[in-house]
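Visitor: Below is the file data-v2.tsv, with TSV, C-alpha atoms.
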chain	number	residue	atom	x	y	z
C	594	MET	CA	-74.76	-5.66	82.50
C	595	SER	CA	-74.80	-2.47	84.57
C	596	ASP	CA	-71.57	-0.96	83.23
C	597	ARG	CA	-72.62	-1.58	79.63
C	598	PRO	CA	-74.31	1.06	77.47
C	599	GLN	CA	-78.05	0.49	77.26
C	600	PRO	CA	-81.14	2.38	76.09
C	601	SER	CA	-82.18	5.07	78.54
C	602	SER	CA	-85.95	4.73	78.07
C	603	PRO	CA	-88.60	3.18	75.83
C	604	ALA	CA	-88.58	6.47	73.91
C	605	ASP	CA	-84.85	5.98	73.29
C	606	LEU	CA	-85.70	2.52	71.89
C	607	PHE	CA	-88.43	3.99	69.71
C	608	PHE	CA	-86.17	6.60	68.14
C	609	SER	CA	-83.18	4.27	67.82
C	610	PHE	CA	-85.27	1.73	65.94
C	611	THR	CA	-86.88	4.40	63.78
C	612	TRP	CA	-83.44	5.71	62.83
C	613	LEU	CA	-82.03	2.32	61.99
C	614	ALA	CA	-85.15	1.23	60.08
C	615	LEU	CA	-84.85	4.34	57.91
C	616	GLN	CA	-81.32	3.33	56.92
C	617	GLY	CA	-82.43	-0.16	55.93
C	618	PHE	CA	-82.72	-0.21	52.17
C	619	GLY	CA	-83.39	-3.78	51.10
C	620	GLY	CA	-83.56	-5.05	54.67
C	621	VAL	CA	-82.90	-3.91	58.20
C	622	LEU	CA	-81.08	-6.80	59.83
C	623	ALA	CA	-77.56	-5.70	58.88
C	624	ILE	CA	-78.29	-2.18	60.14
C	625	VAL	CA	-79.43	-3.56	63.49
C	626	GLN	CA	-76.03	-5.19	63.86
C	627	GLN	CA	-74.19	-2.07	62.69
C	628	GLU	CA	-76.07	0.34	64.99
C	629	LEU	CA	-76.72	-1.72	68.11
C	630	VAL	CA	-73.55	-3.82	68.28
C	631	VAL	CA	-70.87	-1.67	66.64
C	632	ARG	CA	-72.06	1.87	67.42
C	633	LYS	CA	-74.23	1.81	70.53
C	634	ARG	CA	-72.77	-1.43	71.96
C	635	TRP	CA	-76.03	-2.45	73.63
C	636	LEU	CA	-75.32	-6.04	72.61
C	637	THR	CA	-72.15	-8.06	72.14
C	638	GLN	CA	-71.52	-9.91	68.90
C	639	GLU	CA	-72.40	-13.21	70.63
C	640	GLU	CA	-75.62	-11.87	72.17
C	641	PHE	CA	-76.70	-10.52	68.81
C	642	VAL	CA	-76.17	-13.89	67.12
C	643	GLU	CA	-78.09	-15.67	69.90
C	644	GLU	CA	-81.06	-13.32	69.67
C	645	TRP	CA	-81.06	-13.53	65.95
C	646	ALA	CA	-81.00	-17.34	65.98
C	647	VAL	CA	-84.24	-17.27	67.97
C	648	ALA	CA	-85.73	-14.58	65.71
C	649	GLN	CA	-84.97	-16.73	62.66
C	650	ILE	CA	-86.33	-19.99	63.93
C	651	MET	CA	-89.62	-18.53	65.15
C	652	PRO	CA	-92.34	-17.91	62.59
C	653	GLY	CA	-92.91	-14.31	61.58
C	654	PRO	CA	-90.85	-11.53	60.03
C	655	ASN	CA	-87.32	-11.96	61.38
C	656	VAL	CA	-86.40	-8.36	62.07
C	657	VAL	CA	-89.75	-7.76	63.76
C	658	ASN	CA	-89.07	-10.72	66.04
C	659	LEU	CA	-85.55	-9.41	66.65
C	660	CYS	CA	-86.65	-5.89	67.59
C	661	LEU	CA	-89.29	-7.28	69.98
C	662	MET	CA	-86.64	-9.39	71.69
C	663	ILE	CA	-84.10	-6.60	71.98
C	664	GLY	CA	-86.72	-4.15	73.24
C	665	GLY	CA	-87.99	-6.75	75.69
C	666	ARG	CA	-84.50	-7.24	77.17
C	667	TYR	CA	-84.56	-3.75	78.64
C	668	PHE	CA	-88.08	-2.65	79.48
C	669	GLY	CA	-90.14	-5.82	79.18
C	670	LEU	CA	-93.33	-5.57	77.16
C	671	ARG	CA	-93.17	-1.76	77.06
C	672	GLY	CA	-89.69	-1.90	75.57
C	673	ALA	CA	-90.73	-4.54	73.04
C	674	LEU	CA	-93.70	-2.48	71.87
C	675	ALA	CA	-91.64	0.73	71.75
C	676	ALA	CA	-89.03	-0.96	69.56
C	677	LEU	CA	-91.71	-2.48	67.32
C	678	ALA	CA	-93.53	0.85	66.93
C	679	GLY	CA	-90.23	2.57	66.13
C	680	MET	CA	-89.38	-0.02	63.51
C	681	LEU	CA	-92.76	0.18	61.76
C	682	THR	CA	-94.47	3.56	62.15
C	683	VAL	CA	-92.40	6.02	60.15
C	684	PRO	CA	-91.29	3.46	57.52
C	685	LEU	CA	-94.94	2.49	57.02
C	686	VAL	CA	-95.97	6.08	56.31
C	687	LEU	CA	-92.99	6.44	54.01
C	688	VAL	CA	-93.70	3.26	52.05
C	689	LEU	CA	-97.32	4.30	51.48
C	690	LEU	CA	-96.15	7.68	50.15
C	691	LEU	CA	-93.64	5.87	47.95
C	692	ALA	CA	-96.40	3.64	46.61
C	693	LEU	CA	-98.24	6.77	45.52
C	694	ALA	CA	-95.07	8.25	43.98
C	695	TYR	CA	-94.07	4.99	42.35
C	696	ALA	CA	-97.13	5.10	40.13
C	697	GLN	CA	-95.76	8.35	38.71
C	698	TYR	CA	-91.96	8.02	38.67
C	699	GLY	CA	-91.36	4.28	38.93
C	700	SER	CA	-90.46	3.87	35.27
C	701	ARG	CA	-87.92	6.70	34.94
C	702	PRO	CA	-84.53	5.21	34.03
C	703	ASP	CA	-82.56	7.27	36.56
C	704	VAL	CA	-84.92	6.17	39.37
C	705	VAL	CA	-84.61	2.54	38.30
C	706	GLY	CA	-80.81	2.94	38.12
C	707	ALA	CA	-80.56	4.57	41.53
C	708	LEU	CA	-82.58	1.76	43.10
C	709	ARG	CA	-80.35	-0.80	41.39
C	710	GLY	CA	-77.21	0.89	42.72
C	711	MET	CA	-78.61	1.02	46.24
C	712	GLY	CA	-79.58	-2.63	46.00
C	713	ALA	CA	-75.99	-3.58	45.16
C	714	VAL	CA	-74.73	-1.62	48.19
C	715	ALA	CA	-77.32	-3.25	50.44
C	716	ALA	CA	-76.21	-6.71	49.28
C	717	GLY	CA	-72.60	-5.82	50.08
C	718	LEU	CA	-73.59	-4.65	53.54
C	719	ILE	CA	-75.32	-7.93	54.34
C	720	ILE	CA	-72.33	-9.99	53.19
C	721	ALA	CA	-69.97	-7.81	55.24
C	722	ILE	CA	-72.03	-8.23	58.40
C	723	GLY	CA	-71.99	-11.98	57.83
C	724	PHE	CA	-68.18	-11.96	57.72
C	725	ARG	CA	-68.03	-9.73	60.77
C	726	LEU	CA	-70.29	-12.04	62.79
C	727	PHE	CA	-68.01	-14.88	61.84
C	728	ASP	CA	-65.79	-13.77	64.74
C	729	ALA	CA	-68.51	-14.86	67.14
C	730	LEU	CA	-67.94	-18.46	66.01
C	731	LYS	CA	-64.40	-18.56	67.38
C	732	THR	CA	-65.80	-19.01	70.89
C	733	ASN	CA	-68.52	-21.44	69.79
C	734	LEU	CA	-68.36	-24.70	71.68
C	735	LEU	CA	-68.83	-26.74	68.49
C	736	GLY	CA	-65.33	-25.63	67.47
C	737	LEU	CA	-64.37	-23.76	64.35
C	738	PRO	CA	-64.12	-26.74	61.93
C	739	VAL	CA	-67.61	-28.05	62.74
C	740	SER	CA	-69.01	-24.50	62.63
C	741	ILE	CA	-67.49	-23.92	59.21
C	742	ALA	CA	-68.78	-27.26	57.94
C	743	LEU	CA	-72.33	-26.48	59.08
C	744	GLY	CA	-72.15	-22.96	57.69
C	745	SER	CA	-70.85	-24.16	54.33
C	746	ALA	CA	-73.59	-26.77	54.09
C	747	CYS	CA	-76.14	-24.04	54.78
C	748	PHE	CA	-74.68	-21.75	52.10
C	749	ILE	CA	-74.57	-24.56	49.53
C	750	GLY	CA	-78.15	-25.61	50.31
C	751	VAL	CA	-79.58	-22.12	50.03
C	752	VAL	CA	-77.48	-20.57	47.25
C	753	LEU	CA	-76.45	-23.44	44.97
C	754	LEU	CA	-79.23	-25.97	45.49
C	755	ARG	CA	-81.92	-23.31	46.10
C	756	TRP	CA	-83.61	-25.29	48.85
C	757	PRO	CA	-86.27	-23.38	50.83
C	758	GLN	CA	-84.63	-21.50	53.70
C	759	ALA	CA	-87.05	-22.91	56.25
C	760	TYR	CA	-86.00	-26.52	55.53
C	761	VAL	CA	-82.29	-25.68	55.63
C	762	LEU	CA	-82.76	-23.74	58.86
C	763	LEU	CA	-84.75	-26.49	60.56
C	764	GLY	CA	-82.74	-29.41	59.17
C	765	LEU	CA	-79.19	-28.15	59.71
C	766	GLY	CA	-80.33	-26.34	62.86
C	767	ALA	CA	-81.45	-29.65	64.37
C	768	VAL	CA	-78.03	-31.16	63.58
C	769	GLY	CA	-76.19	-28.18	65.12
C	770	CYS	CA	-78.35	-28.18	68.24
C	771	LEU	CA	-77.93	-31.94	68.73
C	772	LEU	CA	-74.15	-31.71	68.40
C	773	ALA	CA	-74.05	-28.82	70.87
C	774	TYR	CA	-76.40	-30.64	73.26
C	775	ARG	CA	-74.09	-33.68	73.34
C	776	LYS	CA	-71.06	-31.49	74.02
C	777	LEU	CA	-72.84	-29.84	76.93
C	778	LYS	CA	-72.98	-33.02	79.05
C	779	PRO	CA	-74.28	-31.99	82.47
R	283	MET	CA	-100.23	-6.56	32.59
R	284	SER	CA	-103.65	-7.22	33.99
R	285	ALA	CA	-105.84	-4.32	35.06
R	286	ALA	CA	-106.53	-3.80	38.75
R	287	PRO	CA	-109.84	-5.39	39.74
R	288	ILE	CA	-112.68	-3.25	41.08
R	289	LEU	CA	-114.02	-4.78	44.24
R	290	ALA	CA	-117.04	-4.55	46.49
R	291	LEU	CA	-115.86	-6.16	49.72
R	292	GLN	CA	-118.17	-7.20	52.56
R	293	TRP	CA	-117.24	-7.40	56.23
R	294	SER	CA	-116.97	-11.15	55.83
R	295	ASP	CA	-114.32	-10.60	53.13
R	296	TRP	CA	-112.25	-8.34	55.40
R	297	LEU	CA	-112.54	-10.92	58.17
R	298	ASP	CA	-111.41	-13.60	55.73
R	299	LEU	CA	-108.38	-11.49	54.79
R	300	PHE	CA	-107.47	-11.00	58.45
R	301	MET	CA	-107.85	-14.71	59.25
R	302	HIS	CA	-105.65	-15.68	56.31
R	303	TYR	CA	-102.90	-13.31	57.40
R	304	LEU	CA	-103.08	-14.78	60.91
R	305	ALA	CA	-102.39	-18.14	59.27
R	306	PHE	CA	-99.57	-16.75	57.05
R	307	SER	CA	-97.97	-15.40	60.21
R	308	MET	CA	-97.71	-18.84	61.78
R	309	MET	CA	-96.48	-20.40	58.51
R	310	SER	CA	-93.67	-17.95	57.96
R	311	VAL	CA	-90.68	-19.80	59.41
R	312	GLY	CA	-87.57	-18.24	57.89
R	313	GLY	CA	-89.30	-14.92	57.20
R	314	ALA	CA	-92.61	-13.68	55.84
R	315	ILE	CA	-91.21	-13.68	52.32
R	316	THR	CA	-91.34	-17.51	52.38
R	317	THR	CA	-95.15	-17.38	52.34
R	318	LEU	CA	-95.29	-15.38	49.09
R	319	PRO	CA	-96.49	-18.37	47.03
R	320	GLU	CA	-99.37	-18.92	49.48
R	321	MET	CA	-100.25	-15.21	49.43
R	322	HIS	CA	-100.26	-15.23	45.64
R	323	ARG	CA	-102.51	-18.27	45.55
R	324	TYR	CA	-104.95	-16.71	48.01
R	325	LEU	CA	-105.03	-13.06	46.87
R	326	ILE	CA	-104.87	-13.57	43.12
R	327	ASP	CA	-105.76	-17.10	42.06
R	328	GLN	CA	-108.52	-17.64	44.63
R	329	GLN	CA	-110.00	-14.19	45.40
R	330	TYR	CA	-108.68	-12.02	42.57
R	331	TRP	CA	-108.36	-9.04	44.90
R	332	LEU	CA	-105.07	-7.85	43.33
R	333	SER	CA	-103.60	-7.83	39.85
R	334	ASP	CA	-100.25	-9.53	39.28
R	335	ALA	CA	-98.70	-6.13	38.62
R	336	GLN	CA	-99.95	-4.80	41.97
R	337	PHE	CA	-98.68	-7.90	43.75
R	338	ASN	CA	-95.20	-7.54	42.27
R	339	ALA	CA	-95.05	-3.78	42.79
R	340	SER	CA	-95.96	-4.26	46.47
R	341	ILE	CA	-92.88	-6.42	46.92
R	342	ALA	CA	-90.56	-4.29	44.80
R	343	ILE	CA	-91.47	-1.03	46.56
R	344	ALA	CA	-91.10	-2.50	50.04
R	345	GLN	CA	-87.71	-3.98	49.11
R	346	SER	CA	-86.34	-0.76	47.72
R	347	ALA	CA	-87.82	1.54	50.38
R	348	PRO	CA	-86.13	2.02	53.74
R	349	GLY	CA	-87.62	-0.08	56.53
R	350	PRO	CA	-88.32	-3.74	57.14
R	351	ASN	CA	-89.32	-5.75	54.07
R	352	ILE	CA	-92.44	-6.98	55.89
R	353	LEU	CA	-94.07	-3.72	54.80
R	354	PHE	CA	-94.86	-5.46	51.50
R	355	VAL	CA	-97.78	-6.93	53.44
R	356	ALA	CA	-98.99	-3.41	54.28
R	357	LEU	CA	-98.80	-2.48	50.60
R	358	MET	CA	-100.85	-5.54	49.61
R	359	GLY	CA	-103.52	-4.50	52.12
R	360	TRP	CA	-103.29	-0.95	50.78
R	361	ASN	CA	-103.78	-2.05	47.18
R	362	ILE	CA	-106.69	-4.33	48.02
R	363	GLY	CA	-108.35	-1.43	49.84
R	364	MET	CA	-107.67	0.90	46.90
R	365	ASN	CA	-109.31	-1.62	44.57
R	366	ALA	CA	-112.29	-1.73	46.94
R	367	GLY	CA	-112.99	1.99	47.02
R	368	GLY	CA	-110.30	4.41	48.16
R	369	MET	CA	-108.25	5.78	50.99
R	370	PRO	CA	-110.44	4.65	53.95
R	371	THR	CA	-110.68	1.06	52.79
R	372	ALA	CA	-106.99	1.15	51.86
R	373	LEU	CA	-106.09	2.08	55.44
R	374	LEU	CA	-108.39	-0.67	56.72
R	375	GLY	CA	-106.58	-3.10	54.44
R	376	VAL	CA	-103.18	-1.99	55.80
R	377	LEU	CA	-104.38	-2.37	59.38
R	378	LEU	CA	-105.91	-5.84	58.93
R	379	ALA	CA	-103.06	-7.30	56.89
R	380	MET	CA	-100.34	-5.97	59.22
R	381	ALA	CA	-102.18	-6.94	62.42
R	382	GLY	CA	-102.76	-10.40	60.98
R	383	ILE	CA	-99.17	-11.03	59.93
R	384	LEU	CA	-97.74	-9.65	63.19
R	385	LEU	CA	-99.98	-10.72	66.08
R	386	PRO	CA	-99.47	-14.50	66.30
R	387	SER	CA	-95.77	-14.62	65.47
R	388	SER	CA	-94.85	-11.60	67.58
R	389	THR	CA	-96.64	-12.96	70.64
R	390	LEU	CA	-94.90	-16.29	70.22
R	391	ALA	CA	-91.47	-14.74	69.64
R	392	TYR	CA	-91.79	-12.45	72.64
R	393	LEU	CA	-92.84	-15.25	74.99
R	394	ALA	CA	-90.13	-17.59	73.69
R	395	ALA	CA	-87.43	-14.95	74.09
R	396	ARG	CA	-88.55	-14.12	77.62
R	397	TRP	CA	-88.54	-17.77	78.57
R	398	GLY	CA	-85.05	-18.11	77.09
R	399	HIS	CA	-83.76	-15.09	79.00
R	400	GLU	CA	-85.18	-16.44	82.25
R	401	ASN	CA	-83.63	-19.87	81.75
R	402	PRO	CA	-80.21	-19.19	80.19
R	403	GLN	CA	-78.54	-22.00	82.14
R	404	LEU	CA	-80.76	-24.78	80.74
R	405	ARG	CA	-78.83	-27.28	78.66
R	406	ALA	CA	-81.36	-27.12	75.82
R	407	VAL	CA	-81.26	-23.31	75.70
R	408	ARG	CA	-77.46	-23.23	75.58
R	409	ALA	CA	-77.36	-26.00	72.98
R	410	PHE	CA	-79.85	-24.12	70.82
R	411	LYS	CA	-77.86	-20.88	70.90
R	412	GLN	CA	-74.52	-22.54	70.20
R	413	GLY	CA	-75.86	-24.98	67.62
R	414	MET	CA	-77.80	-22.42	65.59
R	415	SER	CA	-75.09	-19.76	65.40
R	416	PRO	CA	-73.05	-21.12	62.47
R	417	ILE	CA	-76.20	-21.71	60.44
R	418	VAL	CA	-77.79	-18.30	60.90
R	419	ILE	CA	-74.48	-16.56	60.12
R	420	ALA	CA	-74.09	-18.58	56.92
R	421	LEU	CA	-77.72	-17.81	56.07
R	422	LEU	CA	-76.94	-14.12	56.28
R	423	ILE	CA	-74.07	-14.41	53.82
R	424	ALA	CA	-76.29	-16.53	51.57
R	425	THR	CA	-79.02	-13.88	51.65
R	426	GLY	CA	-76.55	-11.19	50.63
R	427	TRP	CA	-75.29	-13.42	47.85
R	428	ILE	CA	-78.80	-14.07	46.50
R	429	LEU	CA	-79.64	-10.36	46.68
R	430	ALA	CA	-76.50	-9.57	44.73
R	431	SER	CA	-77.22	-12.12	42.02
R	432	THR	CA	-80.93	-11.72	41.20
R	433	HIS	CA	-81.64	-11.03	37.55
R	434	ARG	CA	-78.06	-10.12	36.81
R	435	ASN	CA	-75.96	-11.25	33.96
R	436	PRO	CA	-72.30	-11.45	35.09
R	437	ILE	CA	-71.03	-10.37	31.67
R	438	THR	CA	-72.96	-7.09	31.43
R	439	ASP	CA	-73.55	-6.44	35.13
R	440	TRP	CA	-70.03	-6.88	36.46
R	441	PRO	CA	-69.93	-3.26	37.73
R	442	LEU	CA	-72.82	-4.12	40.09
R	443	TRP	CA	-70.90	-7.12	41.42
R	444	LEU	CA	-67.86	-4.93	41.82
R	445	LEU	CA	-69.91	-2.38	43.76
R	446	THR	CA	-71.28	-5.13	46.02
R	447	ALA	CA	-67.80	-6.57	46.66
R	448	PHE	CA	-66.32	-3.13	47.24
R	449	THR	CA	-69.11	-2.25	49.72
R	450	ALA	CA	-68.67	-5.52	51.57
R	451	LEU	CA	-64.93	-4.91	51.91
R	452	ILE	CA	-65.30	-1.32	53.10
R	453	ILE	CA	-67.96	-2.11	55.69
R	454	TRP	CA	-66.11	-5.16	56.93
R	455	ARG	CA	-62.87	-3.24	57.40
R	456	SER	CA	-63.96	0.30	58.35
R	457	LYS	CA	-66.60	2.14	60.33
R	458	ILE	CA	-67.81	4.46	57.57
R	459	HIS	CA	-71.51	5.28	57.81
R	460	LEU	CA	-73.64	3.19	55.51
R	461	LEU	CA	-75.65	6.18	54.30
R	462	TRP	CA	-72.58	7.50	52.41
R	463	LEU	CA	-72.25	4.22	50.57
R	464	LEU	CA	-75.98	4.06	49.79
R	465	ALA	CA	-75.85	7.60	48.43
R	466	ALA	CA	-72.82	6.70	46.29
R	467	GLY	CA	-74.65	3.64	44.97
R	468	ALA	CA	-77.72	5.72	44.13
R	469	VAL	CA	-75.64	8.32	42.26
R	470	LEU	CA	-73.69	5.71	40.32
R	471	GLY	CA	-76.95	3.99	39.41
R	472	ALA	CA	-78.79	7.18	38.45
R	473	PHE	CA	-76.03	8.10	36.01
R	474	GLY	CA	-76.07	4.63	34.55
R	475	LEU	CA	-72.54	3.75	35.69
R	476	VAL	CA	-73.51	0.49	37.38
Take the structure I supplied and represent it as structure tokens, if you would.
Guide:
Amino acid sequence: MSDRPQPSSPADLFFSFTWLALQGFGGVLAIVQQELVVRKRWLTQEEFVEEWAVAQIMPGPNVVNLCLMIGGRYFGLRGALAALAGMLTVPLVLVLLLALAYAQYGSRPDVVGALRGMGAVAAGLIIAIGFRLFDALKTNLLGLPVSIALGSACFIGVVLLRWPQAYVLLGLGAVGCLLAYRKLKP
Amino acid sequence: MSAAPILALQWSDWLDLFMHYLAFSMMSVGGAITTLPEMHRYLIDQQYWLSDAQFNASIAIAQSAPGPNILFVALMGWNIGMNAGGMPTALLGVLLAMAGILLPSSTLAYLAARWGHENPQLRAVRAFKQGMSPIVIALLIATGWILASTHRNPITDWPLWLLTAFTALIIWRSKIHLLWLLAAGAVLGAFGLV
């Protein structure tokens, strides 16, 4: 891990997470991948997926869990709190100001249109990151066919059947973990 | 549209709000957004601390603003506080709601991650990481898909779909900075082109 890029200090974590949170229109997760894996290369694709799997399965807001875990990797509790504060402080101030402005401008058609356009871009970003992370599955010990089968089942359950995400996550997750556990015979 | 209620909240009410958000935190497997029905039941049907319009605006603003979507919880606290007086109570509402939704789950996530990092060779830890990967990746694509398809009629809104597909392709295949694409989306939307 020593020859890999990593944050220089908790302050570096704070500002990095502030910067990426401010780019996250409609959600921050995809930006975390874009900034920390592609640009800064603090994490590999595989490490990111592993951290994110834990962040998803634990209760609580997923990106908050994720930023605590990534911060904690480097500077323990201090790093975790620095990352969390970076993720929340400036965006919180901004969202409160927006709430005040929204009362005034929220119904203007160009504002509504701009938000709609940004929403469509944000959706595209999330889908693209999903495809990019797909590469991480090529080294998965379940093998590509089983991985694709599990992934497809998940997509069908959530998008077409509209099952609650938590059930899909826990149900299919249990199947995936059991299959992997059996393959990992000691 | 229902009018915003005018509230006189006691300390016991604030404590009740905090305790409920502690509980929402532990219930929110798959993201805090999954507890929205419970929050609605508690804040509106049971206590009537928020109007429906305030509840929906809290979510819409947090979704469209930069930053994590969990800030919708801060806005709910803000609006409750505004209904109960003004700025000082609004800030108290933000503090209590955010502390409540974050404390239990964050503590748990941090401890679990640290335990996982200290025991990476355990069979169960490795099985969990490998077994969950395909599902969480598919969940990401599904989330993008749902975001792209909410309230949109494919016949009239095809330019939005096109914009989403075009964005996905560009980001997948190039390293262009996302802010350029967001700005382009905002301009196209503001001029009514998508």
Visitor: Which value, in Å to one decimal, gives the distance between atom CA of R:Ala344 and atom CA of C:Phe727?
Guide: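 Straight-line distance from atom CA of R:Ala344 to atom CA of C:Phe727 works out to 28.7 Å.
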Visitor: Could you give me, as a PDB file with C-alpha atoms, keeping the file's coordinate frame, the residues within 12 Å of R:Asp295, counting only C-alpha atoms and dropping anything in the same chain fewer than 5 positions from it?
Guide:
ATOM      1  CA  LEU R 289    -114.020  -4.780  44.240  1.00  0.00           C
ATOM      2  CA  ALA R 290    -117.040  -4.550  46.490  1.00  0.00           C
ATOM      3  CA  PHE R 300    -107.470 -11.000  58.450  1.00  0.00           C
ATOM      4  CA  MET R 301    -107.850 -14.710  59.250  1.00  0.00           C
ATOM      5  CA  HIS R 302    -105.650 -15.680  56.310  1.00  0.00           C
ATOM      6  CA  LEU R 325    -105.030 -13.060  46.870  1.00  0.00           C
ATOM      7  CA  GLN R 329    -110.000 -14.190  45.400  1.00  0.00           C
ATOM      8  CA  TRP R 331    -108.360  -9.040  44.900  1.00  0.00           C
ATOM      9  CA  ILE R 362    -106.690  -4.330  48.020  1.00  0.00           C
ATOM     10  CA  GLY R 363    -108.350  -1.430  49.840  1.00  0.00           C
ATOM     11  CA  ALA R 366    -112.290  -1.730  46.940  1.00  0.00           C
ATOM     12  CA  GLY R 375    -106.580  -3.100  54.440  1.00  0.00           C
ATOM     13  CA  LEU R 378    -105.910  -5.840  58.930  1.00  0.00           C
TER      14      LEU R 378
END
Visitor: For stretch 729-744 of chain C, what centre and edge lengths in Å (one decimal) does the axis-aligned box get once 5 Å is added on each side of all its listed atoms, as AutoDock Vina command-line options?
Guide:
--center_x -68.2 --center_y -21.5 --center_z 64.7 --size_x 18.2 --size_y 23.2 --size_z 24.0
Visitor: Report, in Å with one decimal, the straight-line distance from atom CA of R:Leu464 to atom CA of R:Ile452.
Guide: 12.4 Å
Visitor: From the options R:Gln328, R:Thr371, R:Ser333, R:Ser346, which residue's atoms come nearest to C:Leu687, counting only C-alpha atoms?
Guide: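 Closest to C:Leu687, using only C-alpha atoms: R:Ser346.
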Visitor: For atom CA of C:Asn733 and atom CA of C:Tyr667, quote the distance in Å rounded to one decimal.
Guide: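 About the pair atom CA of C:Asn733 and atom CA of C:Tyr667: they are 25.5 Å apart.
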Visitor: Which one of C:Ala604, C:Leu629, C:Leu772, C:Leu754 sits closest to chain R if you count only C-alpha atoms?
Guide: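 Once distances to chain R are computed over only C-alpha atoms, the minimum belongs to C:Leu772.
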Visitor: Give me the residues near R:Val376 as a list in words, where near means some atom within 7 Å (using only C-alpha atoms) and where sequence neighbours in that chain fewer than 4 positions away do not count.
Guide: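 Everything that qualifies: Ala356, Leu357, Gly359, Trp360, Ala372 and Met380 of chain R.
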Visitor: Need the shell around stretch 616-627 of chain C: protein/DNA/RNA residues with any atom at most 7 Å away, counting all atoms listed in the file. Skip same-chain ones fewer than 3 positions apart. Format as a PyMOL selection string?
Guide: (chain C and resi 612-613+630-632+656+712+715+718-719+722) or (chain R and resi 345-351+461)
Visitor: Would you mind listing what lies within 12 Å of stretch 468-475 of chain R as a PDB file with C-alpha atoms, in the coordinates of the input, with all atoms listed in the file counted and same-chain residues fewer than 4 positions away left out?
Guide:
ATOM      1  CA  PHE C 618     -82.720  -0.210  52.170  1.00  0.00           C
ATOM      2  CA  ARG C 701     -87.920   6.700  34.940  1.00  0.00           C
ATOM      3  CA  PRO C 702     -84.530   5.210  34.030  1.00  0.00           C
ATOM      4  CA  ASP C 703     -82.560   7.270  36.560  1.00  0.00           C
ATOM      5  CA  VAL C 704     -84.920   6.170  39.370  1.00  0.00           C
ATOM      6  CA  VAL C 705     -84.610   2.540  38.300  1.00  0.00           C
ATOM      7  CA  GLY C 706     -80.810   2.940  38.120  1.00  0.00           C
ATOM      8  CA  ALA C 707     -80.560   4.570  41.530  1.00  0.00           C
ATOM      9  CA  LEU C 708     -82.580   1.760  43.100  1.00  0.00           C
ATOM     10  CA  ARG C 709     -80.350  -0.800  41.390  1.00  0.00           C
ATOM     11  CA  GLY C 710     -77.210   0.890  42.720  1.00  0.00           C
ATOM     12  CA  MET C 711     -78.610   1.020  46.240  1.00  0.00           C
ATOM     13  CA  GLY C 712     -79.580  -2.630  46.000  1.00  0.00           C
ATOM     14  CA  ALA C 713     -75.990  -3.580  45.160  1.00  0.00           C
ATOM     15  CA  VAL C 714     -74.730  -1.620  48.190  1.00  0.00           C
ATOM     16  CA  ALA C 715     -77.320  -3.250  50.440  1.00  0.00           C
TER      17      ALA C 715
ATOM     18  CA  SER R 346     -86.340  -0.760  47.720  1.00  0.00           C
ATOM     19  CA  THR R 438     -72.960  -7.090  31.430  1.00  0.00           C
ATOM     20  CA  ASP R 439     -73.550  -6.440  35.130  1.00  0.00           C
ATOM     21  CA  TRP R 440     -70.030  -6.880  36.460  1.00  0.00           C
ATOM     22  CA  PRO R 441     -69.930  -3.260  37.730  1.00  0.00           C
ATOM     23  CA  LEU R 442     -72.820  -4.120  40.090  1.00  0.00           C
ATOM     24  CA  LEU R 444     -67.860  -4.930  41.820  1.00  0.00           C
ATOM     25  CA  LEU R 445     -69.910  -2.380  43.760  1.00  0.00           C
ATOM     26  CA  LEU R 461     -75.650   6.180  54.300  1.00  0.00           C
ATOM     27  CA  TRP R 462     -72.580   7.500  52.410  1.00  0.00           C
ATOM     28  CA  LEU R 463     -72.250   4.220  50.570  1.00  0.00           C
ATOM     29  CA  LEU R 464     -75.980   4.060  49.790  1.00  0.00           C
TER      30      LEU R 464
END
Visitor: Of the candidates C:Gly723, C:Lys731, C:Pro652, C:Ile749, which shows the shortest atom-to-atom distance to R:Leu385, using only C-alpha atoms?
Guide: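 Checking each of C:Gly723, C:Lys731, C:Pro652, C:Ile749 against R:Leu385, counting only C-alpha atoms, the winner is C:Pro652.
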Visitor: If we count all atoms listed in the file and set the cut-off at 7 Å, which residues sit around R:Ala450, ignoring sequence neighbours fewer than 5 positions away in its own chain? Please answer as a PyMOL selection string.
Guide: chain C and resi 717-718+720-721
Visitor: With C-alpha atoms retained, write the just-selected residues as a PDB file, in the frame of the given file.
Guide:
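What ended up in again06.pdb:
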ATOM      1  CA  GLY C 717     -72.600  -5.820  50.080  1.00  0.00           C
ATOM      2  CA  LEU C 718     -73.590  -4.650  53.540  1.00  0.00           C
ATOM      3  CA  ILE C 720     -72.330  -9.990  53.190  1.00  0.00           C
ATOM      4  CA  ALA C 721     -69.970  -7.810  55.240  1.00  0.00           C
TER       5      ALA C 721
END
Visitor: For each of C:Pro654, C:Gly664, C:Gly669, C:Gly766, take the minimum atom-to-atom distance to R:Leu384, counting all atoms listed in the file, then give the residue where this is smallest.
Guide: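 Of all the options, C:Pro654 lies closest to R:Leu384.
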Visitor: Considering only C-alpha atoms, state which residue in the set R:Gly368, R:Pro319, R:Pro416, R:Pro436 is at the smallest distance from C:Ala742.
Guide: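 Of all the options, R:Pro416 lies closest to C:Ala742.
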